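Before any comments, here is the structure.
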Amino acid sequence: MPTALAPEILKEKLKRWKPRSIQVDFNNGVSTKDLKRRNRFVEHPLGKFSVIETAIPLADISSGRLLDVGCNAGYNSIHVAAKYGFG
């Protein structure tokens with residue numbers, strides 16, 4: 001993920017929100033995998049998304065509204081909104 005922050009500054013900011021649930025790698029060499037993490041750390045959070053993507057015709061219903069009723073950080077919802085234009 002792109003960032004303009006220096007590695008030391010970014011690490012300090014990230015420490016405020018630990019433990020982490022997902023791995024985020026930044027272009028300045030910082031990775032959340034190096035910080036305290038929850039027990040079930042997900043290194044590839046969109047790994048299961050391909051199952052959902054084949055079962056739901058997201059392209060056919062794009063530009064609509066999307067409700068995420070799951071838990072965690074909402075990375076699947078963010079991905080769907082960005083890829084298919086959901087609001």
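As shown in the structure tokens, the chain order sets the letters A, B, ...; within each chain, residues go from 1, and ligands are also counted from 1 in the order they appear.
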Inset, instruction - Could you give me the residues within chain A that DSSP places in strand (DSSP E), as a PyMOL selection string? - result: chain A and resi 20-22+37-42
Inset, instruction - Write out as a list in words all residues of chain A that DSSP puts in helix (DSSP H, G or I) for this structure's backbone. - result: Pro7, Glu8, Ile9, Leu10, Lys11, Glu12, Lys13, Leu14, Lys15, Thr32, Lys33, Asp34, Phe49, Ser50, Val51, Ile52, Glu53, Thr54, Ala55, Tyr75, Asn76, Ser77, Ile78, His79, Val80, Ala81, Ala82, Lys83 and Tyr84 of chain A
Could you save those same residues with C-alpha atoms as a compact mmCIF listing (two decimals), in the first residue's frame?
# COMPACT_ATOMS: atom_id res chain seq x y z
CA PRO A 7 8.91 4.00 8.26
CA GLU A 8 9.49 5.08 11.88
CA ILE A 9 6.48 7.42 11.88
CA LEU A 10 4.22 4.82 10.25
CA LYS A 11 5.26 2.13 12.76
CA GLU A 12 4.40 4.45 15.66
CA LYS A 13 0.97 5.20 14.17
CA LEU A 14 0.25 1.52 13.54
CA LYS A 15 1.18 0.59 17.12
CA THR A 32 1.81 -5.13 9.86
CA LYS A 33 3.07 -8.73 10.00
CA ASP A 34 5.92 -7.36 12.13
CA PHE A 49 -13.45 -13.98 -2.00
CA SER A 50 -13.23 -15.93 -5.25
CA VAL A 51 -15.83 -18.36 -3.86
CA ILE A 52 -18.26 -15.50 -3.23
CA GLU A 53 -17.46 -13.90 -6.56
CA THR A 54 -18.46 -17.04 -8.49
CA ALA A 55 -21.69 -17.50 -6.51
CA TYR A 75 -11.99 -5.86 3.57
CA ASN A 76 -14.36 -7.92 1.39
CA SER A 77 -16.85 -5.02 1.28
CA ILE A 78 -14.13 -2.52 0.46
CA HIS A 79 -12.87 -4.78 -2.33
CA VAL A 80 -16.37 -5.28 -3.80
CA ALA A 81 -17.15 -1.54 -3.60
CA ALA A 82 -13.92 -0.64 -5.38
CA LYS A 83 -14.07 -3.37 -8.03
CA TYR A 84 -17.79 -3.25 -8.84
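Note that atom CA of A:Pro2 and atom CA of A:Arg37 are 21.4 Å apart.
With atom CA of A:Phe26 on one side and atom CA of A:Ala6 on the other, the separation reads 10.6 Å.
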Inset, instruction - For atom CA of A:Leu66 and atom CA of A:Phe86, quote the distance in Å rounded to one decimal. - result: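 A separation of 6.1 Å between them.
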